[in-house]
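Peer 1: Supplied structure: model14.cif, mmCIF, N, CA and C atoms and all ligand atoms.
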data_work
#
loop_
_atom_site.label_atom_id
_atom_site.label_comp_id
_atom_site.auth_asym_id
_atom_site.auth_seq_id
_atom_site.Cartn_x
_atom_site.Cartn_y
_atom_site.Cartn_z
N MET A 1 -40.45 40.34 10.55
CA MET A 1 -39.17 40.46 11.27
C MET A 1 -38.36 39.17 11.12
N PHE A 2 -37.16 39.22 11.66
CA PHE A 2 -36.27 38.07 11.48
C PHE A 2 -35.80 37.53 12.83
N CYS A 3 -35.59 36.23 12.88
CA CYS A 3 -35.08 35.59 14.09
C CYS A 3 -33.68 36.10 14.39
N THR A 4 -33.43 36.43 15.67
CA THR A 4 -32.11 36.95 16.06
C THR A 4 -31.08 35.83 16.11
N ASN A 5 -31.56 34.61 16.20
CA ASN A 5 -30.63 33.47 16.32
C ASN A 5 -30.22 32.90 14.97
N CYS A 6 -31.23 32.56 14.14
CA CYS A 6 -30.90 31.89 12.89
C CYS A 6 -31.19 32.74 11.67
N GLY A 7 -31.89 33.85 11.85
CA GLY A 7 -32.14 34.74 10.73
C GLY A 7 -33.34 34.39 9.89
N ALA A 8 -34.11 33.39 10.32
CA ALA A 8 -35.28 33.00 9.56
C ALA A 8 -36.34 34.11 9.62
N GLN A 9 -37.14 34.21 8.56
CA GLN A 9 -38.20 35.21 8.57
C GLN A 9 -39.36 34.69 9.41
N ILE A 10 -39.87 35.56 10.28
CA ILE A 10 -40.94 35.16 11.20
C ILE A 10 -42.07 36.18 11.07
N ASN A 11 -43.29 35.68 11.17
CA ASN A 11 -44.42 36.59 11.16
C ASN A 11 -44.37 37.49 12.39
N ASP A 12 -44.70 38.75 12.20
CA ASP A 12 -44.74 39.67 13.34
C ASP A 12 -45.75 39.15 14.35
N GLY A 13 -45.35 39.21 15.63
CA GLY A 13 -46.25 38.76 16.69
C GLY A 13 -45.98 37.34 17.12
N THR A 14 -45.19 36.60 16.34
CA THR A 14 -44.84 35.24 16.75
C THR A 14 -43.82 35.32 17.88
N LYS A 15 -44.00 34.46 18.90
CA LYS A 15 -43.13 34.53 20.07
C LYS A 15 -41.88 33.67 19.91
N PHE A 16 -42.03 32.58 19.16
CA PHE A 16 -40.89 31.67 19.01
C PHE A 16 -40.59 31.46 17.53
N CYS A 17 -39.31 31.35 17.24
CA CYS A 17 -38.90 31.11 15.86
C CYS A 17 -39.36 29.71 15.45
N PRO A 18 -40.09 29.57 14.34
CA PRO A 18 -40.56 28.24 13.93
C PRO A 18 -39.42 27.36 13.43
N LYS A 19 -38.28 27.98 13.17
CA LYS A 19 -37.16 27.22 12.60
C LYS A 19 -36.24 26.66 13.69
N CYS A 20 -35.82 27.56 14.61
CA CYS A 20 -34.86 27.11 15.62
C CYS A 20 -35.44 27.11 17.02
N GLY A 21 -36.64 27.66 17.21
CA GLY A 21 -37.31 27.57 18.50
C GLY A 21 -36.92 28.62 19.51
N VAL A 22 -36.01 29.51 19.13
CA VAL A 22 -35.57 30.55 20.06
C VAL A 22 -36.68 31.58 20.26
N GLN A 23 -36.80 32.07 21.49
CA GLN A 23 -37.83 33.08 21.75
C GLN A 23 -37.43 34.39 21.08
N VAL A 24 -38.35 34.93 20.32
CA VAL A 24 -38.02 36.13 19.58
C VAL A 24 -38.98 37.27 19.88
N GLY A 25 -39.92 37.01 20.79
CA GLY A 25 -40.89 38.03 21.12
C GLY A 25 -40.23 39.27 21.71
N GLY A 26 -40.92 40.35 21.71
CA GLY A 26 -40.33 41.58 22.26
C GLY A 26 -40.33 42.66 21.21
N GLU A 27 -40.07 43.87 21.67
CA GLU A 27 -40.20 44.99 20.76
C GLU A 27 -38.97 45.15 19.89
N GLN A 28 -37.82 44.77 20.46
CA GLN A 28 -36.61 45.01 19.69
C GLN A 28 -36.53 44.01 18.53
N ALA A 29 -36.68 44.55 17.34
CA ALA A 29 -36.60 43.71 16.16
C ALA A 29 -35.36 44.13 15.38
N PRO A 30 -34.23 43.59 15.74
CA PRO A 30 -32.98 44.02 15.11
C PRO A 30 -32.96 43.68 13.63
N VAL A 31 -32.45 44.61 12.87
CA VAL A 31 -32.40 44.38 11.43
C VAL A 31 -31.11 43.62 11.11
N VAL A 32 -31.23 42.32 11.14
CA VAL A 32 -30.09 41.49 10.75
C VAL A 32 -30.19 41.22 9.26
N THR A 33 -29.10 40.82 8.71
CA THR A 33 -29.13 40.47 7.28
C THR A 33 -29.08 38.96 7.15
N PRO A 34 -30.25 38.36 7.08
CA PRO A 34 -30.32 36.90 7.09
C PRO A 34 -30.17 36.30 5.69
N VAL A 35 -29.90 37.13 4.72
CA VAL A 35 -29.91 36.65 3.34
C VAL A 35 -28.83 35.60 3.11
N GLU A 36 -27.64 35.86 3.65
CA GLU A 36 -26.52 34.98 3.34
C GLU A 36 -26.71 33.52 3.77
N PRO A 37 -27.02 33.26 5.05
CA PRO A 37 -27.17 31.84 5.44
C PRO A 37 -28.30 31.16 4.68
N VAL A 38 -29.37 31.91 4.42
CA VAL A 38 -30.51 31.33 3.70
C VAL A 38 -30.09 30.91 2.30
N VAL A 39 -29.37 31.80 1.62
CA VAL A 39 -28.93 31.51 0.26
C VAL A 39 -28.02 30.29 0.24
N GLU A 40 -27.10 30.24 1.20
CA GLU A 40 -26.18 29.10 1.27
C GLU A 40 -26.94 27.79 1.41
N HIS A 41 -27.95 27.83 2.27
CA HIS A 41 -28.76 26.63 2.50
C HIS A 41 -29.44 26.20 1.22
N VAL A 42 -30.04 27.17 0.52
CA VAL A 42 -30.75 26.86 -0.72
C VAL A 42 -29.80 26.26 -1.74
N GLU A 43 -28.60 26.84 -1.84
CA GLU A 43 -27.64 26.34 -2.83
C GLU A 43 -27.20 24.91 -2.52
N ALA A 44 -27.01 24.63 -1.23
CA ALA A 44 -26.60 23.28 -0.85
C ALA A 44 -27.64 22.27 -1.28
N VAL A 45 -28.92 22.63 -1.08
CA VAL A 45 -30.01 21.73 -1.47
C VAL A 45 -30.02 21.55 -2.98
N LYS A 46 -29.82 22.67 -3.70
CA LYS A 46 -29.87 22.63 -5.16
C LYS A 46 -28.77 21.71 -5.71
N VAL A 47 -27.59 21.81 -5.13
CA VAL A 47 -26.47 21.00 -5.61
C VAL A 47 -26.77 19.52 -5.40
N GLN A 48 -27.33 19.19 -4.24
CA GLN A 48 -27.68 17.79 -3.98
C GLN A 48 -28.67 17.29 -5.01
N ASP A 49 -29.71 18.08 -5.27
CA ASP A 49 -30.70 17.70 -6.27
C ASP A 49 -30.04 17.48 -7.62
N ASN A 50 -29.09 18.34 -7.94
CA ASN A 50 -28.40 18.28 -9.21
C ASN A 50 -27.68 16.94 -9.36
N SER A 51 -26.99 16.52 -8.32
CA SER A 51 -26.24 15.27 -8.43
C SER A 51 -27.19 14.09 -8.58
N THR A 52 -28.34 14.16 -7.92
CA THR A 52 -29.34 13.09 -8.07
C THR A 52 -29.85 13.04 -9.50
N SER A 53 -30.12 14.22 -10.06
CA SER A 53 -30.65 14.24 -11.43
C SER A 53 -29.60 13.75 -12.42
N ILE A 54 -28.32 14.02 -12.14
CA ILE A 54 -27.25 13.50 -13.01
C ILE A 54 -27.28 11.97 -12.98
N MET A 55 -27.43 11.42 -11.77
CA MET A 55 -27.44 9.97 -11.65
C MET A 55 -28.65 9.38 -12.37
N VAL A 56 -29.81 10.01 -12.19
CA VAL A 56 -31.03 9.53 -12.85
C VAL A 56 -30.86 9.58 -14.36
N LEU A 57 -30.29 10.68 -14.86
CA LEU A 57 -30.06 10.81 -16.30
C LEU A 57 -29.12 9.72 -16.79
N GLY A 58 -28.07 9.45 -16.00
CA GLY A 58 -27.12 8.40 -16.37
C GLY A 58 -27.80 7.04 -16.45
N ILE A 59 -28.65 6.76 -15.45
CA ILE A 59 -29.36 5.47 -15.43
C ILE A 59 -30.29 5.37 -16.64
N LEU A 60 -31.02 6.48 -16.91
CA LEU A 60 -31.93 6.48 -18.06
C LEU A 60 -31.16 6.32 -19.36
N ALA A 61 -30.01 6.99 -19.45
CA ALA A 61 -29.19 6.90 -20.66
C ALA A 61 -28.79 5.45 -20.90
N LEU A 62 -28.41 4.78 -19.81
CA LEU A 62 -27.98 3.39 -19.94
C LEU A 62 -29.18 2.48 -20.24
N ALA A 63 -30.33 2.81 -19.64
CA ALA A 63 -31.52 1.97 -19.84
C ALA A 63 -32.04 2.10 -21.26
N LEU A 64 -31.88 3.29 -21.86
CA LEU A 64 -32.47 3.55 -23.18
C LEU A 64 -31.44 3.50 -24.30
N CYS A 65 -30.17 3.21 -23.97
CA CYS A 65 -29.13 3.27 -24.99
C CYS A 65 -29.34 2.22 -26.07
N GLU A 66 -30.07 1.13 -25.74
CA GLU A 66 -30.30 0.11 -26.76
C GLU A 66 -31.16 0.65 -27.90
N PHE A 67 -31.86 1.77 -27.65
CA PHE A 67 -32.66 2.39 -28.71
C PHE A 67 -31.86 3.43 -29.48
N GLY A 68 -30.60 3.62 -29.10
CA GLY A 68 -29.73 4.52 -29.84
C GLY A 68 -29.85 5.97 -29.42
N ILE A 69 -30.64 6.74 -30.17
CA ILE A 69 -30.70 8.19 -29.98
C ILE A 69 -31.02 8.61 -28.53
N PRO A 70 -32.03 8.01 -27.87
CA PRO A 70 -32.31 8.46 -26.49
C PRO A 70 -31.11 8.32 -25.58
N GLY A 71 -30.35 7.24 -25.75
CA GLY A 71 -29.16 7.05 -24.93
C GLY A 71 -28.13 8.13 -25.19
N ILE A 72 -27.98 8.52 -26.46
CA ILE A 72 -27.01 9.56 -26.82
C ILE A 72 -27.42 10.88 -26.18
N ILE A 73 -28.72 11.22 -26.33
CA ILE A 73 -29.19 12.52 -25.82
C ILE A 73 -29.09 12.57 -24.30
N LEU A 74 -29.63 11.53 -23.63
CA LEU A 74 -29.62 11.53 -22.16
C LEU A 74 -28.20 11.47 -21.63
N GLY A 75 -27.37 10.67 -22.29
CA GLY A 75 -25.96 10.58 -21.89
C GLY A 75 -25.26 11.92 -22.03
N ALA A 76 -25.55 12.63 -23.11
CA ALA A 76 -24.92 13.93 -23.34
C ALA A 76 -25.37 14.94 -22.28
N ILE A 77 -26.67 14.89 -21.93
CA ILE A 77 -27.18 15.82 -20.90
C ILE A 77 -26.54 15.49 -19.56
N ALA A 78 -26.45 14.19 -19.24
CA ALA A 78 -25.84 13.77 -17.97
C ALA A 78 -24.39 14.25 -17.91
N LYS A 79 -23.67 14.11 -19.02
CA LYS A 79 -22.27 14.53 -19.03
C LYS A 79 -22.15 16.05 -18.87
N LYS A 80 -23.06 16.77 -19.54
CA LYS A 80 -23.03 18.23 -19.47
C LYS A 80 -23.28 18.70 -18.03
N LYS A 81 -24.32 18.10 -17.41
CA LYS A 81 -24.63 18.45 -16.02
C LYS A 81 -23.48 18.05 -15.09
N ALA A 82 -22.88 16.90 -15.37
CA ALA A 82 -21.76 16.42 -14.54
C ALA A 82 -20.57 17.38 -14.66
N ASN A 83 -20.34 17.88 -15.86
CA ASN A 83 -19.24 18.83 -16.05
C ASN A 83 -19.48 20.11 -15.26
N LYS A 84 -20.75 20.55 -15.25
CA LYS A 84 -21.10 21.75 -14.49
C LYS A 84 -20.91 21.49 -13.00
N PHE A 85 -21.31 20.30 -12.56
CA PHE A 85 -21.12 19.91 -11.16
C PHE A 85 -19.65 19.96 -10.80
N ALA A 86 -18.81 19.39 -11.67
CA ALA A 86 -17.37 19.36 -11.42
C ALA A 86 -16.81 20.78 -11.35
N LYS A 87 -17.35 21.66 -12.20
CA LYS A 87 -16.90 23.05 -12.22
C LYS A 87 -17.30 23.76 -10.93
N ASP A 88 -18.55 23.50 -10.48
CA ASP A 88 -19.05 24.15 -9.27
C ASP A 88 -18.29 23.70 -8.03
N HIS A 89 -17.88 22.44 -8.01
CA HIS A 89 -17.29 21.88 -6.78
C HIS A 89 -15.79 21.68 -6.87
N GLY A 90 -15.21 21.96 -8.03
CA GLY A 90 -13.78 21.75 -8.20
C GLY A 90 -13.44 20.30 -8.50
N MET A 91 -14.39 19.43 -8.26
CA MET A 91 -14.19 18.00 -8.59
C MET A 91 -15.56 17.35 -8.68
N ILE A 92 -15.55 16.11 -9.12
CA ILE A 92 -16.84 15.41 -9.23
C ILE A 92 -16.81 14.20 -8.31
N TYR A 93 -17.91 13.99 -7.61
CA TYR A 93 -17.95 12.90 -6.63
C TYR A 93 -19.38 12.46 -6.41
N GLY A 94 -19.54 11.36 -5.70
CA GLY A 94 -20.85 10.87 -5.28
C GLY A 94 -21.74 10.49 -6.45
N LYS A 95 -23.01 10.86 -6.31
CA LYS A 95 -24.01 10.48 -7.30
C LYS A 95 -23.70 11.08 -8.67
N ALA A 96 -23.13 12.29 -8.65
CA ALA A 96 -22.80 12.95 -9.91
C ALA A 96 -21.76 12.13 -10.68
N LYS A 97 -20.81 11.56 -9.94
CA LYS A 97 -19.77 10.74 -10.57
C LYS A 97 -20.39 9.48 -11.18
N VAL A 98 -21.26 8.83 -10.40
CA VAL A 98 -21.95 7.64 -10.90
C VAL A 98 -22.74 7.99 -12.16
N GLY A 99 -23.44 9.15 -12.08
CA GLY A 99 -24.25 9.59 -13.23
C GLY A 99 -23.40 9.81 -14.47
N ARG A 100 -22.22 10.40 -14.28
CA ARG A 100 -21.37 10.67 -15.44
C ARG A 100 -20.86 9.36 -16.06
N ILE A 101 -20.49 8.40 -15.21
CA ILE A 101 -20.00 7.11 -15.73
C ILE A 101 -21.13 6.42 -16.51
N LEU A 102 -22.32 6.36 -15.89
CA LEU A 102 -23.46 5.71 -16.56
C LEU A 102 -23.82 6.46 -17.83
N GLY A 103 -23.80 7.80 -17.75
CA GLY A 103 -24.11 8.62 -18.92
C GLY A 103 -23.13 8.37 -20.05
N ASN A 104 -21.85 8.22 -19.70
CA ASN A 104 -20.83 7.91 -20.72
C ASN A 104 -21.13 6.59 -21.41
N PHE A 105 -21.46 5.58 -20.61
CA PHE A 105 -21.80 4.27 -21.18
C PHE A 105 -23.01 4.41 -22.11
N GLY A 106 -24.06 5.10 -21.61
CA GLY A 106 -25.27 5.29 -22.40
C GLY A 106 -24.97 6.00 -23.71
N PHE A 107 -24.12 7.03 -23.62
CA PHE A 107 -23.75 7.83 -24.79
C PHE A 107 -23.03 6.96 -25.84
N ILE A 108 -22.03 6.22 -25.36
CA ILE A 108 -21.21 5.42 -26.29
C ILE A 108 -22.04 4.27 -26.88
N ILE A 109 -22.76 3.56 -26.01
CA ILE A 109 -23.56 2.43 -26.49
C ILE A 109 -24.65 2.95 -27.43
N GLY A 110 -25.21 4.13 -27.10
CA GLY A 110 -26.22 4.74 -27.97
C GLY A 110 -25.68 4.98 -29.37
N ILE A 111 -24.44 5.49 -29.45
CA ILE A 111 -23.82 5.73 -30.75
C ILE A 111 -23.60 4.41 -31.48
N VAL A 112 -23.09 3.42 -30.75
CA VAL A 112 -22.84 2.11 -31.36
C VAL A 112 -24.14 1.53 -31.91
N MET A 113 -25.21 1.61 -31.09
CA MET A 113 -26.50 1.06 -31.52
C MET A 113 -27.01 1.79 -32.75
N THR A 114 -26.85 3.12 -32.76
CA THR A 114 -27.31 3.91 -33.91
C THR A 114 -26.56 3.49 -35.16
N VAL A 115 -25.24 3.30 -35.02
CA VAL A 115 -24.43 2.87 -36.16
C VAL A 115 -24.90 1.51 -36.65
N PHE A 116 -25.18 0.60 -35.69
CA PHE A 116 -25.65 -0.73 -36.08
C PHE A 116 -26.97 -0.65 -36.81
N VAL A 117 -27.87 0.20 -36.29
CA VAL A 117 -29.19 0.34 -36.92
C VAL A 117 -29.02 0.87 -38.35
N CYS A 118 -28.12 1.84 -38.52
CA CYS A 118 -27.86 2.39 -39.85
C CYS A 118 -27.30 1.32 -40.78
N ILE A 119 -26.32 0.58 -40.28
CA ILE A 119 -25.73 -0.49 -41.08
C ILE A 119 -26.81 -1.52 -41.43
N GLY A 120 -27.63 -1.84 -40.43
CA GLY A 120 -28.71 -2.80 -40.65
C GLY A 120 -29.67 -2.31 -41.71
N ALA A 121 -30.00 -1.02 -41.65
CA ALA A 121 -30.93 -0.44 -42.62
C ALA A 121 -30.33 -0.49 -44.01
N ILE A 122 -29.05 -0.11 -44.10
CA ILE A 122 -28.37 -0.15 -45.40
C ILE A 122 -28.30 -1.58 -45.91
N ALA A 123 -27.95 -2.50 -44.99
CA ALA A 123 -27.82 -3.91 -45.38
C ALA A 123 -29.15 -4.45 -45.90
N SER A 124 -30.25 -4.09 -45.20
CA SER A 124 -31.54 -4.62 -45.64
C SER A 124 -31.95 -3.99 -46.97
N CYS A 125 -31.57 -2.73 -47.18
CA CYS A 125 -31.83 -2.08 -48.47
C CYS A 125 -31.07 -2.81 -49.57
N VAL A 126 -29.81 -3.08 -49.28
CA VAL A 126 -28.96 -3.75 -50.28
C VAL A 126 -29.54 -5.12 -50.60
N SER A 127 -29.93 -5.86 -49.53
CA SER A 127 -30.43 -7.21 -49.79
C SER A 127 -31.78 -7.14 -50.51
N TYR A 128 -32.54 -6.08 -50.23
CA TYR A 128 -33.81 -5.89 -50.94
C TYR A 128 -33.54 -5.66 -52.41
N LEU A 129 -32.56 -4.80 -52.71
CA LEU A 129 -32.19 -4.53 -54.10
C LEU A 129 -31.68 -5.79 -54.76
N ASP A 130 -30.87 -6.56 -54.02
CA ASP A 130 -30.37 -7.84 -54.54
C ASP A 130 -31.54 -8.72 -54.96
N ASN A 131 -32.52 -8.79 -54.03
CA ASN A 131 -33.68 -9.62 -54.32
C ASN A 131 -34.40 -9.14 -55.57
N VAL A 132 -34.51 -7.81 -55.69
CA VAL A 132 -35.20 -7.25 -56.86
C VAL A 132 -34.45 -7.64 -58.14
N TYR A 133 -33.14 -7.57 -58.07
CA TYR A 133 -32.34 -7.88 -59.26
C TYR A 133 -32.41 -9.36 -59.63
N TYR A 134 -32.39 -10.20 -58.59
CA TYR A 134 -32.24 -11.62 -58.88
C TYR A 134 -33.55 -12.31 -59.18
N TYR A 135 -34.65 -11.73 -58.72
CA TYR A 135 -35.91 -12.45 -58.93
C TYR A 135 -36.81 -11.67 -59.87
ZN ZN B 201 -34.55 31.03 14.57
#
Before anything else, please render the file you have as structure tokens.
Peer 2:
Amino acid sequence: MFCTNCGAQINDGTKFCPKCGVQVGGEQAPVVTPVEPVVEHVEAVKVQDNSTSIMVLGILALALCEFGIPGIILGAIAKKKANKFAKDHGMIYGKAKVGRILGNFGFIIGIVMTVFVCIGAIASCVSYLDNVYYY
């Protein structure tokens, strides 16, 4: 059965709602539709978790951007999640905003580092060939 006050699901025979504490004992078990408030609650929690994960991704992107590719990937995921957050809420704010900024930095620095590594690799190849030619 369901709590008449908050709509929480309660085991039959329980006298008090474990969620809100209202007495629910008695024979009359009205069929309320508790689905809506429960779903809303779950979604609110999910969105909060989402913004935290965006921030964590942004931090990781920035922390790993010196290695190039990981920063690009994590930054891209953070940006993608941040865009979804912005779409869901009409705007972006809080931890999600921080995550997107950090993710952007990680993404850009990751690309720069990758380019440097490529240039470095080419440069060392060239200097290796130079050495081969000259010695
Ligand atoms: Zn209740």
Peer 1: Do you know which residues are within 6 Å of ligand ZN 201 (chain B) using only C-alpha atoms and all ligand atoms? Can you write them as a list in words?
Peer 2: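 These are the residues that qualify: Cys3, Asn5, Cys6, Gly7, Ala8, Cys17, Lys19, Cys20, Gly21 and Val22 of chain A.
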Peer 1: List every protein, DNA or RNA residue that has an atom no more than 6.5 Å from (-27.0, 5.9, -16.0) in the file's coordinate frame, counting all atoms listed in the file, and report them as a list in words.
Peer 2: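 Those within range, by chain then number, are Met55, Val56, Leu57, Gly58, Ile59, Leu60, Ala61, Leu62, Ala63, Val98, Gly99, Ile101, Leu102, Gly103 and Gly106 of chain A.
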Peer 1: As an exercise, work out the distance from CA of Ile119 in chain A to atom N of Phe67 in chain A in Å and give it to one decimal place.
Peer 2: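 Separation of CA of Ile119 in chain A and atom N of Phe67 in chain A: 14.9 Å.
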Peer 1: What gap, in Å, lies between CA of Glu66 in chain A and CA of Met113 in chain A?
Peer 2: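 CA of Met113 in chain A lies 6.2 Å from CA of Glu66 in chain A.
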Peer 1: Please determine, counting only C-alpha atoms, which residue among A:Val117, A:Ile111, A:Ile54, A:Val132 has the shortest atom-to-atom distance to Lys97 in chain A.
Peer 2: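 Answer, going by the shortest atom-to-atom distance: A:Ile54.
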Peer 1: Could you list, as a list in words, every residue within 5 Å of Met1 in chain A, counting all atoms listed in the file and ignoring same-chain residues fewer than 3 positions away?
Peer 2: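 Counting only the stated atoms, we get Gln9, Ile10 and Asp12 of chain A.
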Peer 1: Quick one: write out the picked residues with N, CA and C atoms as a PDB file, keeping the file's coordinate frame?
Peer 2:
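The resulting part.pdb:
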ATOM      1  N   GLN A   9     -37.140  34.210   8.560  1.00  0.00           N
ATOM      2  CA  GLN A   9     -38.200  35.210   8.570  1.00  0.00           C
ATOM      3  C   GLN A   9     -39.360  34.690   9.410  1.00  0.00           C
ATOM      4  N   ILE A  10     -39.870  35.560  10.280  1.00  0.00           N
ATOM      5  CA  ILE A  10     -40.940  35.160  11.200  1.00  0.00           C
ATOM      6  C   ILE A  10     -42.070  36.180  11.070  1.00  0.00           C
ATOM      7  N   ASP A  12     -44.700  38.750  12.200  1.00  0.00           N
ATOM      8  CA  ASP A  12     -44.740  39.670  13.340  1.00  0.00           C
ATOM      9  C   ASP A  12     -45.750  39.150  14.350  1.00  0.00           C
TER      10      ASP A  12
END
Peer 1: Record the distance separating CA of His89 in chain A and CA of Thr52 in chain A, expressed in Å with one decimal.
Peer 2: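 For CA of His89 in chain A relative to CA of Thr52 in chain A, the distance reads 15.0 Å.
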Peer 1: Draw an axis-aligned box over all listed atoms of range 114-125 of chain A, pad each side with 4 Å, and write its centre and edge lengths in Å, one decimal, as lines of an AutoDock Vina configuration file.
Peer 2:
center_x = -28.2
center_y = -0.4
center_z = -41.2
size_x = 15.5
size_y = 16.5
size_z = 24.8
Peer 1: Using only N, CA and C atoms, can you tell me which of A:Phe116, A:Ser51, A:Phe105, A:Ile69 comes closest to Lys81 in chain A?
Peer 2: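 Closest candidate: A:Ser51.
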Peer 1: Considering only C-alpha atoms, state which residue in the set A:Asn104, A:Lys87, A:Leu129, A:Tyr93 is at the smallest distance from Gly75 in chain A.
Peer 2: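 Once distances to Gly75 in chain A are computed over only C-alpha atoms, the minimum belongs to A:Asn104.
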Peer 1: Where does DSSP see helix (DSSP H, G or I) in range 7-131 of chain A, if you list the residues as a PyMOL selection string?
Peer 2: chain A and resi 35-67+69-89+94-131
